[in-house]
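Below is protein33.tsv, which holds TSV, C-alpha atoms.
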```tsv
chain	number	residue	atom	x	y	z
A	1	MET	CA	4.07	8.90	-2.63
A	2	LYS	CA	5.04	7.23	0.65
A	3	SER	CA	4.60	3.79	-0.88
A	4	THR	CA	6.84	4.77	-3.81
A	5	ILE	CA	9.60	5.88	-1.43
A	6	TYR	CA	9.38	2.68	0.58
A	7	LEU	CA	9.33	0.56	-2.55
A	8	SER	CA	12.47	2.30	-3.80
A	9	LEU	CA	14.20	1.56	-0.49
A	10	VAL	CA	13.23	-2.08	-0.62
A	11	LEU	CA	14.37	-2.50	-4.21
A	12	LEU	CA	17.68	-0.86	-3.30
A	13	LEU	CA	18.00	-3.30	-0.43
A	14	PHE	CA	17.42	-6.18	-2.83
A	15	LEU	CA	20.09	-4.95	-5.20
A	16	THR	CA	22.70	-4.35	-2.51
A	17	SER	CA	21.95	-7.06	0.06
A	18	CYS	CA	20.95	-10.17	-1.83
A	19	ALA	CA	23.11	-12.48	0.24
A	20	GLN	CA	22.77	-16.24	-0.07
A	21	LEU	CA	21.06	-16.98	3.22
A	22	THR	CA	21.13	-20.77	2.92
A	23	ARG	CA	21.95	-23.69	0.63
A	24	LEU	CA	19.18	-25.86	2.14
A	25	ASP	CA	21.78	-28.32	3.39
A	26	THR	CA	22.18	-30.72	6.32
A	27	GLY	CA	25.06	-31.29	8.70
A	28	ARG	CA	26.32	-34.30	6.73
A	29	THR	CA	29.16	-34.10	4.24
A	30	VAL	CA	28.85	-36.06	0.98
A	31	GLY	CA	31.78	-38.43	1.64
A	32	ASP	CA	35.26	-38.88	0.23
A	33	GLY	CA	35.32	-38.64	-3.58
A	34	ASN	CA	31.57	-38.10	-3.89
A	35	MET	CA	29.67	-35.18	-5.39
A	36	GLU	CA	26.23	-33.62	-5.09
A	37	VAL	CA	24.78	-31.32	-7.72
A	38	GLY	CA	21.44	-29.58	-7.58
A	39	GLY	CA	19.30	-26.54	-8.05
A	40	TYR	CA	16.91	-24.46	-6.00
A	41	ILE	CA	14.28	-21.76	-6.28
A	42	THR	CA	13.56	-19.31	-3.49
A	43	ALA	CA	11.28	-16.41	-2.71
A	44	TYR	CA	13.84	-13.89	-1.46
A	45	GLY	CA	12.19	-11.03	0.35
A	46	VAL	CA	12.25	-7.99	2.59
A	47	ASN	CA	9.75	-7.04	5.26
A	48	GLU	CA	10.13	-3.33	6.07
A	49	VAL	CA	8.35	-3.01	9.43
A	50	GLY	CA	8.37	0.78	9.22
A	51	SER	CA	6.16	0.65	6.14
A	52	PRO	CA	2.58	-0.51	6.81
A	53	ASP	CA	1.68	0.51	3.26
A	54	LEU	CA	4.22	-1.89	1.74
A	55	GLY	CA	4.58	-4.81	4.16
A	56	GLY	CA	6.57	-7.70	2.73
A	57	VAL	CA	7.95	-8.02	-0.80
A	58	ALA	CA	9.48	-11.16	-2.30
A	59	LEU	CA	11.22	-11.87	-5.61
A	60	PRO	CA	12.15	-15.26	-7.13
A	61	VAL	CA	15.79	-16.36	-7.20
A	62	LEU	CA	17.11	-19.43	-9.03
A	63	GLY	CA	20.35	-21.15	-8.13
A	64	PHE	CA	22.78	-23.99	-8.87
A	65	GLN	CA	24.96	-25.68	-6.27
A	66	MET	CA	27.66	-28.33	-6.09
A	67	ASN	CA	29.33	-30.16	-3.19
A	68	TYR	CA	32.49	-32.24	-3.52
A	69	GLY	CA	33.94	-34.46	-0.79
A	70	PHE	CA	37.70	-34.15	-0.31
A	71	THR	CA	37.49	-36.50	2.68
A	72	ASP	CA	34.66	-38.10	4.62
A	73	ARG	CA	34.54	-35.01	6.84
A	74	ILE	CA	35.49	-32.14	4.52
A	75	ASP	CA	33.51	-30.82	1.54
A	76	ALA	CA	34.13	-27.98	-0.90
A	77	ASN	CA	30.85	-26.23	-1.70
A	78	PHE	CA	30.06	-23.85	-4.57
A	79	SER	CA	26.82	-22.12	-5.54
A	80	LEU	CA	25.71	-19.51	-8.05
A	81	ASN	CA	22.32	-17.80	-8.30
A	82	SER	CA	20.37	-15.57	-10.66
A	83	SER	CA	21.17	-12.47	-8.57
A	84	GLY	CA	24.82	-12.83	-9.56
A	85	ASN	CA	26.04	-14.24	-6.24
A	86	ILE	CA	28.94	-16.65	-6.14
A	87	TYR	CA	29.22	-18.42	-2.80
A	88	VAL	CA	32.19	-20.65	-1.91
A	89	ASN	CA	32.75	-22.43	1.37
A	90	PRO	CA	34.41	-25.46	2.92
A	91	LYS	CA	32.25	-27.67	5.12
A	92	PHE	CA	33.74	-29.45	8.13
A	93	GLN	CA	31.66	-32.20	9.74
A	94	LEU	CA	32.53	-32.27	13.43
A	95	VAL	CA	29.97	-34.79	14.70
A	96	GLY	CA	28.58	-37.88	13.00
A	97	ASP	CA	29.16	-39.36	9.56
A	98	GLN	CA	27.18	-40.12	6.38
A	99	GLU	CA	25.09	-42.74	8.24
A	100	SER	CA	24.59	-41.25	11.72
A	101	SER	CA	21.24	-40.00	12.98
A	102	PHE	CA	22.78	-36.69	14.19
A	103	ALA	CA	25.26	-34.52	12.30
A	104	LEU	CA	26.94	-31.20	13.05
A	105	SER	CA	29.09	-29.15	10.66
A	106	VAL	CA	30.64	-25.70	10.55
A	107	LEU	CA	30.83	-23.68	7.33
A	108	PRO	CA	33.03	-20.58	7.00
A	109	GLY	CA	32.65	-19.02	3.56
A	110	VAL	CA	32.46	-15.95	1.36
A	111	ASP	CA	29.76	-14.60	-0.94
A	112	VAL	CA	30.83	-12.31	-3.81
A	113	GLN	CA	28.47	-10.19	-5.93
A	114	VAL	CA	28.97	-7.36	-8.42
A	115	GLY	CA	26.54	-4.50	-7.79
A	116	ASP	CA	26.10	-0.75	-8.12
A	117	ILE	CA	25.83	0.89	-4.70
A	118	ASP	CA	25.52	4.65	-4.39
A	119	GLY	CA	28.55	6.19	-2.69
A	120	ALA	CA	30.65	3.03	-2.91
A	121	GLU	CA	33.82	3.13	-4.99
A	122	ASN	CA	34.12	-0.66	-5.25
A	123	PRO	CA	31.34	-2.38	-7.24
A	124	VAL	CA	32.30	-5.78	-5.81
A	125	ILE	CA	30.28	-6.73	-2.73
A	126	ILE	CA	32.02	-9.18	-0.39
A	127	ARG	CA	30.13	-10.94	2.36
A	128	PRO	CA	31.98	-13.25	4.79
A	129	HIS	CA	29.74	-15.98	6.24
A	130	ILE	CA	30.05	-18.20	9.28
A	131	SER	CA	27.44	-20.82	10.09
A	132	SER	CA	26.84	-24.20	11.62
A	133	ILE	CA	24.30	-26.86	10.64
A	134	LEU	CA	22.68	-29.31	13.02
A	135	SER	CA	20.60	-32.08	11.47
A	136	PHE	CA	18.60	-35.11	12.65
A	137	HIS	CA	18.26	-37.98	10.18
A	138	GLN	CA	15.71	-40.75	9.80
A	139	ASP	CA	15.33	-43.37	7.05
A	140	GLU	CA	13.49	-41.13	4.56
A	141	TRP	CA	13.87	-37.59	5.88
A	142	ALA	CA	16.06	-35.20	7.86
A	143	ALA	CA	15.38	-31.98	9.75
A	144	PHE	CA	18.05	-29.25	9.81
A	145	PHE	CA	18.75	-26.01	11.66
A	146	GLU	CA	21.37	-23.52	10.44
A	147	PRO	CA	22.25	-20.42	12.50
A	148	LYS	CA	24.36	-17.99	10.47
A	149	TYR	CA	26.16	-14.64	10.63
A	150	ILE	CA	26.84	-12.58	7.45
A	151	TYR	CA	28.74	-9.30	7.14
A	152	GLN	CA	28.37	-7.02	4.09
A	153	ASP	CA	31.48	-4.87	3.76
A	154	VAL	CA	30.39	-1.99	1.51
A	155	THR	CA	27.40	-0.97	3.66
A	156	GLU	CA	28.73	-2.27	7.01
A	157	THR	CA	25.59	-4.35	7.39
A	158	HIS	CA	25.22	-7.35	9.67
A	159	PHE	CA	22.80	-10.25	9.13
A	160	VAL	CA	22.21	-12.56	12.09
A	161	GLY	CA	19.58	-15.24	11.66
A	162	ALA	CA	18.82	-18.86	10.99
A	163	THR	CA	17.27	-21.36	8.60
A	164	ILE	CA	15.04	-24.29	9.49
A	165	GLY	CA	14.03	-26.95	7.03
A	166	ILE	CA	13.40	-30.54	6.11
A	167	GLU	CA	15.00	-32.83	3.55
A	168	TYR	CA	13.17	-35.77	1.99
A	169	PHE	CA	14.95	-38.72	0.35
A	170	MET	CA	13.20	-39.74	-2.86
A	171	ASN	CA	15.73	-42.58	-3.19
A	172	GLN	CA	19.35	-43.24	-2.22
A	173	ARG	CA	20.66	-40.57	-4.60
A	174	THR	CA	17.95	-37.90	-4.96
A	175	LYS	CA	16.83	-35.49	-2.23
A	176	LEU	CA	14.26	-32.72	-1.99
A	177	ALA	CA	14.59	-29.89	0.52
A	178	LEU	CA	12.26	-27.19	1.84
A	179	GLY	CA	13.40	-24.39	4.15
A	180	TYR	CA	12.66	-20.99	5.64
A	181	SER	CA	15.24	-18.33	6.61
A	182	PHE	CA	14.79	-15.20	8.71
A	183	PHE	CA	17.49	-12.53	9.18
A	184	PRO	CA	17.08	-9.13	10.88
A	185	VAL	CA	19.13	-6.41	9.16
A	186	LEU	CA	21.48	-4.67	11.61
A	187	GLY	CA	23.91	-1.77	11.42
A	188	THR	CA	22.60	0.06	8.34
A	189	ASP	CA	20.64	3.25	7.65
A	190	LEU	CA	19.27	1.88	4.40
A	191	ALA	CA	16.00	0.52	5.82
A	192	PRO	CA	15.90	0.53	9.63
A	193	GLY	CA	13.82	-2.25	11.13
A	194	SER	CA	13.93	-4.43	8.02
A	195	ASN	CA	14.08	-8.21	7.96
A	196	ILE	CA	15.35	-10.43	5.17
A	197	PHE	CA	13.50	-13.69	4.63
A	198	ASN	CA	13.82	-16.62	2.28
A	199	ILE	CA	11.44	-19.48	1.49
A	200	GLY	CA	13.17	-22.06	-0.69
A	201	PHE	CA	12.77	-25.41	-2.41
A	202	GLY	CA	15.68	-27.45	-3.73
A	203	MET	CA	16.64	-30.76	-5.34
A	204	LYS	CA	20.02	-32.51	-5.11
A	205	ARG	CA	21.48	-35.56	-6.83
A	206	HIS	CA	24.26	-37.61	-5.26
A	207	ILE	CA	27.01	-38.72	-7.66
A	208	GLN	CA	29.54	-41.36	-6.70
A	209	LEU	CA	32.74	-40.76	-8.68
```
Go ahead and render the structure in this file as structure tokens.
Amino acid sequence: MKSTIYLSLVLLLFLTSCAQLTRLDTGRTVGDGNMEVGGYITAYGVNEVGSPDLGGVALPVLGFQMNYGFTDRIDANFSLNSSGNIYVNPKFQLVGDQESSFALSVLPGVDVQVGDIDGAENPVIIRPHISSILSFHQDEWAAFFEPKYIYQDVTETHFVGATIGIEYFMNQRTKLALGYSFFPVLGTDLAPGSNIFNIGFGMKRHIQL
């Protein structure tokens, strides 16, 4: 019985809090007039520390993403996943360029999802995001670190966490990425003590227009 209750809480958390934690990206922008398109698969999960019977639960999420360079330092990013999230953000590269060994960007954005939350009049879930990405680049790979804050309006929930990962260059145009995200859930009575986590794999293709 206890396991059933905890499982119901976790599934509710999935349905109402499936924020896009990361796009498995680096601090570099794609460059003026260039585009990157790609896809990813993640194990999106919840670890409810108050439930020793349940532990951690993870579900697969598939996604598509696109980056377009308005200038060498400004991108427009768009992503859509199988949970019904649409995530849009600009990306501003503050340090470095497309060739530098260190890059730093900031990414304000918004995540929109349609969901059915008990007690909420508005079925549209809006989540403002603010993050930065620091990345270190070598000839064939890059390591990235992305601290992020997310606010979910309908449940007044805060997510504060980070993603770490590595990107591997198969060639000049194709990249593979692997990353892990961890976000404690704050400010909600839905599942006190819960953590959101994400283990993801992605592929991106650079297109020069």
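Between CA of Thr157 (chain A) and CA of Ala177 (chain A) the separation is 28.6 Å.
If you look at CA of Tyr180 (chain A) and CA of His137 (chain A), they are 18.5 Å away from each other.
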Can you work out the spacing between CA of Asp25 (chain A) and CA of Leu209 (chain A) in Å, to one decimal?
-> 20.5 Å
Given all atoms listed in the file, how would the per-residue table for region 20-119 of chain A near region 143-154 of chain A read, listing every residue at most 12 Å away with its closest atom pair and distance in Å to one decimal, sorted by chain and number, as CSV?
```
residue,atom,partner,partner_atom,distance
A:Gln20,CA,A:Ile150,CA,9.3
A:Leu21,CA,A:Lys148,CA,8.0
A:Thr22,CA,A:Glu146,CA,8.0
A:Arg23,CA,A:Glu146,CA,9.8
A:Leu24,CA,A:Phe144,CA,8.5
A:Asp25,CA,A:Phe144,CA,7.5
A:Thr26,CA,A:Phe144,CA,5.6
A:Gly27,CA,A:Phe144,CA,7.4
A:Arg28,CA,A:Phe144,CA,10.2
A:Ser101,CA,A:Ala143,CA,10.4
A:Phe102,CA,A:Ala143,CA,9.8
A:Ala103,CA,A:Phe144,CA,9.3
A:Leu104,CA,A:Phe144,CA,9.7
A:Ser105,CA,A:Glu146,CA,9.6
A:Val106,CA,A:Glu146,CA,9.5
A:Leu107,CA,A:Lys148,CA,9.2
A:Pro108,CA,A:Lys148,CA,9.7
A:Gly109,CA,A:Ile150,CA,9.5
A:Val110,CA,A:Ile150,CA,8.9
A:Asp111,CA,A:Ile150,CA,9.1
A:Val112,CA,A:Gln152,CA,9.8
A:Gln113,CA,A:Gln152,CA,10.5
A:Val114,CA,A:Val154,CA,11.4
A:Gly115,CA,A:Val154,CA,10.4
A:Asp116,CA,A:Val154,CA,10.6
A:Ile117,CA,A:Val154,CA,8.2
A:Asp118,CA,A:Val154,CA,10.1
A:Gly119,CA,A:Val154,CA,9.4
```
Using all atoms listed in the file, pick whichever of A:Asn171, A:Asn47, A:Gln93, A:Ser82 has the shortest atom-to-atom distance to Pro60 (chain A).
-> A:Ser82
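For Asp75 (chain A), the non-local neighbours within 7 Å, defined as residues at least 4 positions apart in the same chain or in other chains and counting only C-alpha atoms, are Thr29, Asn67, Tyr68, Gly69, Phe70, Pro90, Lys91 and Phe92 of chain A.
Closest approach to Thr71 (chain A) among A:Gly200, A:Gly33, A:Gly38, A:Gly179 is made by A:Gly33 (distances from all atoms listed in the file).
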Name the residues in contact with Asn81 (chain A) at a cut-off of 6 Å, using only C-alpha atoms, excluding same-chain residues fewer than 3 positions from it; report them as a PyMOL selection string.
-> chain A and resi 62-63+84-85
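Comparing A:Pro128, A:Gly31, A:Pro123, A:Gly45 by their smallest distance to Asn198 (chain A), the closest is A:Gly45 (using only C-alpha atoms).
Minimum distance to Asp72 (chain A) across A:Lys175, A:Glu140, A:Leu94, A:Val46 (counting only C-alpha atoms) occurs at A:Leu94.
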Starting from the incomplete input, reconstruct all heavy atoms of region 156-167 of chain A and report them as a PDB file, in the frame of the given file.
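Heads up, here's the output in result07.pdb:
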```
ATOM      1  N   GLU A 156      28.530  -1.954   5.596  1.00  0.00           N
ATOM      2  CA  GLU A 156      28.730  -2.270   7.010  1.00  0.00           C
ATOM      3  C   GLU A 156      27.444  -2.797   7.638  1.00  0.00           C
ATOM      4  O   GLU A 156      27.013  -2.363   8.702  1.00  0.00           O
ATOM      5  CB  GLU A 156      29.256  -1.042   7.757  1.00  0.00           C
ATOM      6  CG  GLU A 156      30.613  -0.575   7.244  1.00  0.00           C
ATOM      7  CD  GLU A 156      31.172   0.569   8.063  1.00  0.00           C
ATOM      8  OE1 GLU A 156      30.443   1.075   8.949  1.00  0.00           O
ATOM      9  OE2 GLU A 156      32.324   0.953   7.827  1.00  0.00           O
ATOM     10  N   THR A 157      26.849  -3.756   6.956  1.00  0.00           N
ATOM     11  CA  THR A 157      25.590  -4.350   7.390  1.00  0.00           C
ATOM     12  C   THR A 157      25.839  -5.731   7.956  1.00  0.00           C
ATOM     13  O   THR A 157      26.645  -6.490   7.428  1.00  0.00           O
ATOM     14  CB  THR A 157      24.607  -4.446   6.204  1.00  0.00           C
ATOM     15  OG1 THR A 157      24.442  -3.156   5.627  1.00  0.00           O
ATOM     16  CG2 THR A 157      23.256  -4.962   6.659  1.00  0.00           C
ATOM     17  N   HIS A 158      25.114  -6.053   9.031  1.00  0.00           N
ATOM     18  CA  HIS A 158      25.220  -7.350   9.670  1.00  0.00           C
ATOM     19  C   HIS A 158      23.884  -8.091   9.522  1.00  0.00           C
ATOM     20  O   HIS A 158      22.816  -7.511   9.713  1.00  0.00           O
ATOM     21  CB  HIS A 158      25.542  -7.202  11.157  1.00  0.00           C
ATOM     22  CG  HIS A 158      26.761  -6.387  11.424  1.00  0.00           C
ATOM     23  ND1 HIS A 158      28.026  -6.936  11.545  1.00  0.00           N
ATOM     24  CD2 HIS A 158      26.925  -5.043  11.583  1.00  0.00           C
ATOM     25  CE1 HIS A 158      28.902  -5.983  11.774  1.00  0.00           C
ATOM     26  NE2 HIS A 158      28.266  -4.822  11.804  1.00  0.00           N
ATOM     27  N   PHE A 159      23.970  -9.381   9.191  1.00  0.00           N
ATOM     28  CA  PHE A 159      22.800 -10.250   9.130  1.00  0.00           C
ATOM     29  C   PHE A 159      23.018 -11.367  10.149  1.00  0.00           C
ATOM     30  O   PHE A 159      24.001 -12.102  10.052  1.00  0.00           O
ATOM     31  CB  PHE A 159      22.625 -10.870   7.749  1.00  0.00           C
ATOM     32  CG  PHE A 159      22.542  -9.877   6.619  1.00  0.00           C
ATOM     33  CD1 PHE A 159      23.704  -9.353   6.042  1.00  0.00           C
ATOM     34  CD2 PHE A 159      21.322  -9.475   6.105  1.00  0.00           C
ATOM     35  CE1 PHE A 159      23.647  -8.458   4.998  1.00  0.00           C
ATOM     36  CE2 PHE A 159      21.252  -8.579   5.052  1.00  0.00           C
ATOM     37  CZ  PHE A 159      22.410  -8.062   4.497  1.00  0.00           C
ATOM     38  N   VAL A 160      22.127 -11.492  11.099  1.00  0.00           N
ATOM     39  CA  VAL A 160      22.210 -12.560  12.090  1.00  0.00           C
ATOM     40  C   VAL A 160      20.863 -13.265  12.118  1.00  0.00           C
ATOM     41  O   VAL A 160      19.845 -12.655  12.441  1.00  0.00           O
ATOM     42  CB  VAL A 160      22.554 -12.025  13.497  1.00  0.00           C
ATOM     43  CG1 VAL A 160      22.653 -13.184  14.493  1.00  0.00           C
ATOM     44  CG2 VAL A 160      23.848 -11.234  13.471  1.00  0.00           C
ATOM     45  N   GLY A 161      20.848 -14.536  11.734  1.00  0.00           N
ATOM     46  CA  GLY A 161      19.580 -15.240  11.660  1.00  0.00           C
ATOM     47  C   GLY A 161      19.774 -16.727  11.559  1.00  0.00           C
ATOM     48  O   GLY A 161      20.830 -17.265  11.924  1.00  0.00           O
ATOM     49  N   ALA A 162      18.758 -17.406  11.054  1.00  0.00           N
ATOM     50  CA  ALA A 162      18.820 -18.860  10.990  1.00  0.00           C
ATOM     51  C   ALA A 162      17.863 -19.380   9.930  1.00  0.00           C
ATOM     52  O   ALA A 162      16.941 -18.695   9.489  1.00  0.00           O
ATOM     53  CB  ALA A 162      18.463 -19.461  12.350  1.00  0.00           C
ATOM     54  N   THR A 163      18.123 -20.624   9.542  1.00  0.00           N
ATOM     55  CA  THR A 163      17.270 -21.360   8.600  1.00  0.00           C
ATOM     56  C   THR A 163      16.817 -22.653   9.262  1.00  0.00           C
ATOM     57  O   THR A 163      17.607 -23.325   9.916  1.00  0.00           O
ATOM     58  CB  THR A 163      18.043 -21.688   7.318  1.00  0.00           C
ATOM     59  OG1 THR A 163      18.469 -20.479   6.696  1.00  0.00           O
ATOM     60  CG2 THR A 163      17.163 -22.475   6.337  1.00  0.00           C
ATOM     61  N   ILE A 164      15.549 -22.989   9.084  1.00  0.00           N
ATOM     62  CA  ILE A 164      15.040 -24.290   9.490  1.00  0.00           C
ATOM     63  C   ILE A 164      14.462 -24.958   8.262  1.00  0.00           C
ATOM     64  O   ILE A 164      13.966 -24.289   7.347  1.00  0.00           O
ATOM     65  CB  ILE A 164      13.977 -24.197  10.599  1.00  0.00           C
ATOM     66  CG1 ILE A 164      12.791 -23.324  10.153  1.00  0.00           C
ATOM     67  CG2 ILE A 164      14.579 -23.662  11.890  1.00  0.00           C
ATOM     68  CD1 ILE A 164      11.627 -23.348  11.121  1.00  0.00           C
ATOM     69  N   GLY A 165      14.551 -26.288   8.217  1.00  0.00           N
ATOM     70  CA  GLY A 165      14.030 -26.950   7.030  1.00  0.00           C
ATOM     71  C   GLY A 165      13.973 -28.453   7.188  1.00  0.00           C
ATOM     72  O   GLY A 165      14.365 -29.017   8.226  1.00  0.00           O
ATOM     73  N   ILE A 166      13.508 -29.091   6.140  1.00  0.00           N
ATOM     74  CA  ILE A 166      13.400 -30.540   6.110  1.00  0.00           C
ATOM     75  C   ILE A 166      13.870 -31.051   4.753  1.00  0.00           C
ATOM     76  O   ILE A 166      13.660 -30.385   3.730  1.00  0.00           O
ATOM     77  CB  ILE A 166      11.956 -30.997   6.408  1.00  0.00           C
ATOM     78  CG1 ILE A 166      11.886 -32.524   6.581  1.00  0.00           C
ATOM     79  CG2 ILE A 166      10.998 -30.507   5.335  1.00  0.00           C
ATOM     80  CD1 ILE A 166      10.596 -33.001   7.201  1.00  0.00           C
ATOM     81  N   GLU A 167      14.518 -32.196   4.762  1.00  0.00           N
ATOM     82  CA  GLU A 167      15.000 -32.830   3.550  1.00  0.00           C
ATOM     83  C   GLU A 167      14.332 -34.196   3.418  1.00  0.00           C
ATOM     84  O   GLU A 167      14.257 -34.959   4.394  1.00  0.00           O
ATOM     85  CB  GLU A 167      16.523 -32.986   3.612  1.00  0.00           C
ATOM     86  CG  GLU A 167      17.177 -33.456   2.336  1.00  0.00           C
ATOM     87  CD  GLU A 167      18.688 -33.470   2.450  1.00  0.00           C
ATOM     88  OE1 GLU A 167      19.219 -34.357   3.166  1.00  0.00           O
ATOM     89  OE2 GLU A 167      19.346 -32.608   1.855  1.00  0.00           O
TER      90      GLU A 167
END
```
